[in-house]
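*Asks:* Below is one structure. I have some questions about it.
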Amino acid sequence: MDEELRTLTDRLRAESGGTAAFERLAATDDHDILAGVLTAPGQPLWARELAAYRLGTAGDRRAFEALVLLLNHRDPPRCAAAAHALARLGDPRTARAAAALATNELRVAYALHPVRLLAELRAPEAVPALITTLRRRLRPHDPYRRVALACVEGLGELGDPRAESVLNAALAHPALAEAAVHALARIPHQGSARGRIPGQR
């Protein structure tokens, strides 16, 4: 059992109360049983999460919809587990869904893991979505600094020249400036003046 699955299993075992139903679901290798949990009415959230995670990491696309819902959940551990599974699912719809969640201003409080997933996927949707999300986070007194920082770091990982303008704008924000310098340094074919924190020589 890998570390991510062990962490998820321990968390959901505690959430379920360690019931026999949990142990059966954690032990089964039957994908049809796991998929049935996702469509059966009245299933507890821990059961849906466990089934979706196990199917997703096994590459079974029946987990896609459930994992996307969990990716935008208010509980960060659920979001993190869903992002891990979606990155391994290999479903071509994943990047578009993550981009939609990352750029949804009504759910920006839960955008951290969709942003990180986009950077990991390196899909065509990633750079435009991260630029859009970061630009919005550069407004005065924006409270979502962790989301902004994840965008800066993700754009650095992606190294796309289209991000130069918004990363230069991020240099003016003390909480983002250092990460923006590093991100700009990873973008090829830039002018010598880029990536300098305001006030530096």
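Labels used: A, B, ... for chains in the order of the structure tokens, numbers from 1 for residues in each chain, and numbers from 1 for ligands as shown.
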Counting only C-alpha atoms, which residues of segment 27-126 of chain A fall within 9 Å of segment 141-154 of chain A, and what is the closest atom pair for each with its distance in Å at one decimal, ordered by chain and rising number, as a tab-separated table?
*Replies:*
residue	atom	partner	partner_atom	distance
A:Val108	CA	A:Tyr144	CA	7.7
A:Ala109	CA	A:Tyr144	CA	6.9
A:Tyr110	CA	A:Val147	CA	8.6
A:Ala111	CA	A:Val147	CA	6.5
A:Leu112	CA	A:Val147	CA	5.0
A:His113	CA	A:Val147	CA	8.6
A:Val115	CA	A:Cys151	CA	6.4
A:Arg116	CA	A:Ala150	CA	6.4
A:Leu118	CA	A:Gly154	CA	7.9
A:Ala119	CA	A:Gly154	CA	4.9
A:Glu120	CA	A:Gly154	CA	8.0
A:Ala126	CA	A:Gly154	CA	8.8
*Asks:* Show which residues sit within 10 Å of Ser165 of chain A, as a list of chain:residue names. Count only C-alpha atoms, and ignore same-chain residues fewer than 5 positions away.
*Replies:*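 Near neighbours after the sequence-gap exclusion: A:Ile131, A:Arg135, A:Ala170, A:Leu184, A:Arg194.
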*Asks:* With C-alpha atoms retained, could you export that selection as a PDB file, in the first residue's frame?
*Replies:*
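Below you can see selection.pdb, which holds the result:
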ATOM      1  CA  ILE A 131      -2.860  33.094 -15.536  1.00  0.00           C
ATOM      2  CA  ARG A 135      -4.441  37.851 -12.215  1.00  0.00           C
ATOM      3  CA  ALA A 170       3.167  39.400  -8.940  1.00  0.00           C
ATOM      4  CA  LEU A 184      10.336  33.914 -14.111  1.00  0.00           C
ATOM      5  CA  ARG A 194      12.645  40.386 -15.860  1.00  0.00           C
TER       6      ARG A 194
END
*Asks:* Contacts of segment 64-81 of chain A at 8 Å or less, counting only C-alpha atoms, minus same-chain residues fewer than 5 places along, as an mmCIF file with all heavy atoms, in the first residue's frame?
*Replies:*
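The resulting file, part_27.cif, is reproduced below:
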data_model
loop_
_atom_site.group_PDB
_atom_site.id
_atom_site.type_symbol
_atom_site.label_atom_id
_atom_site.label_comp_id
_atom_site.auth_asym_id
_atom_site.auth_seq_id
_atom_site.Cartn_x
_atom_site.Cartn_y
_atom_site.Cartn_z
ATOM 1 N N GLU A 4 0.026 7.480 0.075
ATOM 2 C CA GLU A 4 -1.212 8.234 -0.132
ATOM 3 C C GLU A 4 -2.437 7.390 0.203
ATOM 4 O O GLU A 4 -3.372 7.849 0.862
ATOM 5 C CB GLU A 4 -1.295 8.730 -1.576
ATOM 6 C CG GLU A 4 -0.311 9.828 -1.917
ATOM 7 C CD GLU A 4 1.077 9.293 -2.236
ATOM 8 O OE1 GLU A 4 1.250 8.052 -2.283
ATOM 9 O OE2 GLU A 4 1.986 10.110 -2.441
ATOM 10 N N LEU A 8 -5.173 7.981 3.272
ATOM 11 C CA LEU A 8 -6.602 8.054 3.000
ATOM 12 C C LEU A 8 -7.357 6.955 3.747
ATOM 13 O O LEU A 8 -8.412 7.207 4.341
ATOM 14 C CB LEU A 8 -6.856 7.946 1.500
ATOM 15 C CG LEU A 8 -8.332 7.900 1.094
ATOM 16 C CD1 LEU A 8 -8.622 8.908 -0.014
ATOM 17 C CD2 LEU A 8 -8.715 6.501 0.605
ATOM 18 N N LEU A 38 -20.572 4.235 -6.162
ATOM 19 C CA LEU A 38 -20.688 5.593 -6.685
ATOM 20 C C LEU A 38 -22.072 5.892 -7.252
ATOM 21 O O LEU A 38 -22.441 7.057 -7.410
ATOM 22 C CB LEU A 38 -19.625 5.835 -7.759
ATOM 23 C CG LEU A 38 -18.177 5.671 -7.303
ATOM 24 C CD1 LEU A 38 -17.226 5.945 -8.456
ATOM 25 C CD2 LEU A 38 -17.865 6.578 -6.122
ATOM 26 N N ARG A 48 -18.042 6.714 -0.761
ATOM 27 C CA ARG A 48 -17.887 7.253 -2.118
ATOM 28 C C ARG A 48 -16.443 7.697 -2.365
ATOM 29 O O ARG A 48 -15.892 7.478 -3.442
ATOM 30 C CB ARG A 48 -18.853 8.423 -2.323
ATOM 31 C CG ARG A 48 -20.321 8.008 -2.299
ATOM 32 C CD ARG A 48 -21.223 9.188 -2.639
ATOM 33 N NE ARG A 48 -22.635 8.847 -2.524
ATOM 34 C CZ ARG A 48 -23.329 8.204 -3.458
ATOM 35 N NH1 ARG A 48 -22.734 7.834 -4.573
ATOM 36 N NH2 ARG A 48 -24.603 7.928 -3.272
ATOM 37 N N GLU A 49 -15.853 8.331 -1.366
ATOM 38 C CA GLU A 49 -14.474 8.789 -1.548
ATOM 39 C C GLU A 49 -13.518 7.614 -1.699
ATOM 40 O O GLU A 49 -12.642 7.611 -2.573
ATOM 41 C CB GLU A 49 -14.037 9.672 -0.379
ATOM 42 C CG GLU A 49 -12.623 10.204 -0.576
ATOM 43 C CD GLU A 49 -12.148 11.097 0.553
ATOM 44 O OE1 GLU A 49 -12.935 11.352 1.493
ATOM 45 O OE2 GLU A 49 -10.977 11.530 0.492
ATOM 46 N N ALA A 52 -14.087 5.997 -5.147
ATOM 47 C CA ALA A 52 -13.609 6.847 -6.233
ATOM 48 C C ALA A 52 -12.090 6.885 -6.277
ATOM 49 O O ALA A 52 -11.480 6.813 -7.355
ATOM 50 C CB ALA A 52 -14.174 8.251 -6.079
ATOM 51 N N TYR A 53 -11.467 6.992 -5.123
ATOM 52 C CA TYR A 53 -10.008 7.038 -5.071
ATOM 53 C C TYR A 53 -9.402 5.751 -5.600
ATOM 54 O O TYR A 53 -8.474 5.776 -6.424
ATOM 55 C CB TYR A 53 -9.546 7.303 -3.637
ATOM 56 C CG TYR A 53 -8.044 7.404 -3.510
ATOM 57 C CD1 TYR A 53 -7.419 8.643 -3.601
ATOM 58 C CD2 TYR A 53 -7.253 6.279 -3.307
ATOM 59 C CE1 TYR A 53 -6.043 8.752 -3.486
ATOM 60 C CE2 TYR A 53 -5.877 6.379 -3.202
ATOM 61 C CZ TYR A 53 -5.276 7.617 -3.295
ATOM 62 O OH TYR A 53 -3.905 7.719 -3.196
ATOM 63 N N GLY A 56 -9.971 5.544 -9.320
ATOM 64 C CA GLY A 56 -9.189 6.553 -10.034
ATOM 65 C C GLY A 56 -7.730 6.187 -10.147
ATOM 66 O O GLY A 56 -7.126 6.295 -11.223
ATOM 67 N N LEU A 86 -7.000 11.857 -9.593
ATOM 68 C CA LEU A 86 -7.269 12.379 -10.924
ATOM 69 C C LEU A 86 -5.999 12.472 -11.761
ATOM 70 O O LEU A 86 -6.023 12.246 -12.980
ATOM 71 C CB LEU A 86 -7.927 13.760 -10.834
ATOM 72 C CG LEU A 86 -9.417 13.754 -10.497
ATOM 73 C CD1 LEU A 86 -9.872 15.148 -10.068
ATOM 74 C CD2 LEU A 86 -10.242 13.260 -11.681
ATOM 75 N N LEU A 89 -5.603 9.075 -13.138
ATOM 76 C CA LEU A 89 -6.737 8.473 -13.826
ATOM 77 C C LEU A 89 -6.533 8.419 -15.339
ATOM 78 O O LEU A 89 -6.954 7.459 -15.998
ATOM 79 C CB LEU A 89 -8.012 9.259 -13.490
ATOM 80 C CG LEU A 89 -9.313 8.798 -14.149
ATOM 81 C CD1 LEU A 89 -9.626 7.340 -13.800
ATOM 82 C CD2 LEU A 89 -10.464 9.710 -13.737
ATOM 83 N N ASP A 91 -7.901 10.492 -17.559
ATOM 84 C CA ASP A 91 -9.115 10.850 -18.288
ATOM 85 C C ASP A 91 -8.887 12.190 -18.993
ATOM 86 O O ASP A 91 -8.483 13.163 -18.359
ATOM 87 C CB ASP A 91 -10.294 10.961 -17.317
ATOM 88 C CG ASP A 91 -11.632 11.044 -18.030
ATOM 89 O OD1 ASP A 91 -11.808 11.976 -18.839
ATOM 90 O OD2 ASP A 91 -12.493 10.188 -17.783
ATOM 91 N N THR A 94 -10.093 15.635 -17.478
ATOM 92 C CA THR A 94 -9.638 16.108 -16.173
ATOM 93 C C THR A 94 -9.139 17.543 -16.207
ATOM 94 O O THR A 94 -9.502 18.361 -15.354
ATOM 95 C CB THR A 94 -8.541 15.182 -15.627
ATOM 96 O OG1 THR A 94 -9.079 13.865 -15.460
ATOM 97 C CG2 THR A 94 -8.028 15.673 -14.289
ATOM 98 N N ALA A 97 -11.917 20.102 -16.464
ATOM 99 C CA ALA A 97 -12.662 20.214 -15.209
ATOM 100 C C ALA A 97 -11.858 20.975 -14.162
ATOM 101 O O ALA A 97 -12.397 21.832 -13.454
ATOM 102 C CB ALA A 97 -13.024 18.823 -14.695
ATOM 103 N N ALA A 98 -10.575 20.673 -14.057
ATOM 104 C CA ALA A 98 -9.736 21.372 -13.083
ATOM 105 C C ALA A 98 -9.633 22.853 -13.420
ATOM 106 O O ALA A 98 -9.648 23.706 -12.519
ATOM 107 C CB ALA A 98 -8.345 20.743 -13.042
ATOM 108 N N LEU A 101 -12.790 24.611 -12.292
ATOM 109 C CA LEU A 101 -12.828 24.798 -10.846
ATOM 110 C C LEU A 101 -11.845 25.875 -10.398
ATOM 111 O O LEU A 101 -12.155 26.690 -9.517
ATOM 112 C CB LEU A 101 -12.513 23.478 -10.142
ATOM 113 C CG LEU A 101 -13.531 22.355 -10.337
ATOM 114 C CD1 LEU A 101 -13.040 21.075 -9.673
ATOM 115 C CD2 LEU A 101 -14.894 22.746 -9.780
ATOM 116 N N ARG A 107 -16.021 29.709 -6.079
ATOM 117 C CA ARG A 107 -15.434 28.608 -5.310
ATOM 118 C C ARG A 107 -13.933 28.792 -5.118
ATOM 119 O O ARG A 107 -13.212 27.827 -4.873
ATOM 120 C CB ARG A 107 -15.694 27.281 -6.036
ATOM 121 C CG ARG A 107 -17.151 26.942 -6.264
ATOM 122 C CD ARG A 107 -17.855 26.522 -4.998
ATOM 123 N NE ARG A 107 -17.358 25.263 -4.482
ATOM 124 C CZ ARG A 107 -17.743 24.714 -3.326
ATOM 125 N NH1 ARG A 107 -18.630 25.352 -2.567
ATOM 126 N NH2 ARG A 107 -17.261 23.558 -2.920
ATOM 127 N N TYR A 110 -11.701 27.110 -2.544
ATOM 128 C CA TYR A 110 -11.366 25.693 -2.679
ATOM 129 C C TYR A 110 -10.559 25.427 -3.953
ATOM 130 O O TYR A 110 -10.513 24.303 -4.442
ATOM 131 C CB TYR A 110 -12.648 24.861 -2.698
ATOM 132 C CG TYR A 110 -13.595 25.237 -1.577
ATOM 133 C CD1 TYR A 110 -14.810 25.856 -1.849
ATOM 134 C CD2 TYR A 110 -13.241 25.025 -0.243
ATOM 135 C CE1 TYR A 110 -15.664 26.228 -0.821
ATOM 136 C CE2 TYR A 110 -14.085 25.399 0.788
ATOM 137 C CZ TYR A 110 -15.287 25.998 0.498
ATOM 138 O OH TYR A 110 -16.130 26.378 1.522
ATOM 139 N N ALA A 111 -9.904 26.465 -4.480
ATOM 140 C CA ALA A 111 -9.206 26.344 -5.767
ATOM 141 C C ALA A 111 -7.773 25.847 -5.649
ATOM 142 O O ALA A 111 -7.140 25.564 -6.667
ATOM 143 C CB ALA A 111 -9.211 27.694 -6.493
ATOM 144 N N HIS A 113 -6.225 23.023 -4.728
ATOM 145 C CA HIS A 113 -5.873 21.720 -5.298
ATOM 146 C C HIS A 113 -6.155 21.628 -6.792
ATOM 147 O O HIS A 113 -5.366 21.008 -7.525
ATOM 148 C CB HIS A 113 -6.536 20.606 -4.500
ATOM 149 C CG HIS A 113 -5.943 20.465 -3.127
ATOM 150 N ND1 HIS A 113 -4.709 19.899 -2.894
ATOM 151 C CD2 HIS A 113 -6.392 20.870 -1.909
ATOM 152 C CE1 HIS A 113 -4.431 19.939 -1.606
ATOM 153 N NE2 HIS A 113 -5.439 20.524 -0.982
ATOM 154 N N PRO A 114 -7.238 22.230 -7.309
ATOM 155 C CA PRO A 114 -7.363 22.287 -8.765
ATOM 156 C C PRO A 114 -6.188 22.999 -9.438
ATOM 157 O O PRO A 114 -5.711 22.567 -10.498
ATOM 158 C CB PRO A 114 -8.679 23.041 -8.983
ATOM 159 C CG PRO A 114 -9.494 22.699 -7.774
ATOM 160 C CD PRO A 114 -8.504 22.638 -6.652
#
*Asks:* Neighbouring residues of Leu50 of chain A were defined as those with any atom within 9 Å, considering only C-alpha atoms; residues of the same chain fewer than 5 positions away were excluded. Please report them as a ChimeraX atom specification.
*Replies:* /A:8-9,12,22,25-26,34,45,55
*Asks:* Take the residues that were just selected and, keeping N, CA and C atoms, output them as a tab-separated table (two decimals), in the first residue's frame.
*Replies:*
chain	number	residue	atom	x	y	z
A	8	LEU	N	-5.17	7.98	3.27
A	8	LEU	CA	-6.60	8.05	3.00
A	8	LEU	C	-7.36	6.95	3.75
A	9	THR	N	-6.83	5.76	3.73
A	9	THR	CA	-7.50	4.65	4.39
A	9	THR	C	-7.62	4.88	5.89
A	12	LEU	N	-10.33	7.62	6.46
A	12	LEU	CA	-11.70	7.18	6.22
A	12	LEU	C	-12.11	6.05	7.17
A	22	PHE	N	-16.74	-0.77	5.89
A	22	PHE	CA	-15.52	-0.10	5.46
A	22	PHE	C	-14.44	-1.11	5.12
A	25	LEU	N	-14.97	-2.76	1.81
A	25	LEU	CA	-14.73	-1.88	0.68
A	25	LEU	C	-13.23	-1.61	0.50
A	26	ALA	N	-12.52	-1.52	1.60
A	26	ALA	CA	-11.08	-1.28	1.52
A	26	ALA	C	-10.33	-2.49	0.99
A	34	LEU	N	-16.81	-1.43	-6.45
A	34	LEU	CA	-16.43	-0.05	-6.14
A	34	LEU	C	-17.27	0.94	-6.95
A	45	LEU	N	-20.40	9.50	2.57
A	45	LEU	CA	-19.33	10.17	1.83
A	45	LEU	C	-18.03	9.40	1.90
A	55	LEU	N	-10.72	3.48	-7.58
A	55	LEU	CA	-10.95	3.35	-9.02
A	55	LEU	C	-10.07	4.32	-9.80
*Asks:* Can you list every residue in chain A that DSSP puts in alpha helix (DSSP H), as a VMD selection string?
*Replies:* chain A and resid 3 to 16 20 to 27 31 to 39 45 to 57 64 to 71 76 to 89 94 to 102 112 to 121 126 to 137 145 to 158 164 to 170 174 to 185
*Asks:* Grab the atom CA of Arg13 of chain A to atom CA of Asp29 of chain A distance for me, in Å with one decimal place.
*Replies:* 17.5 Å
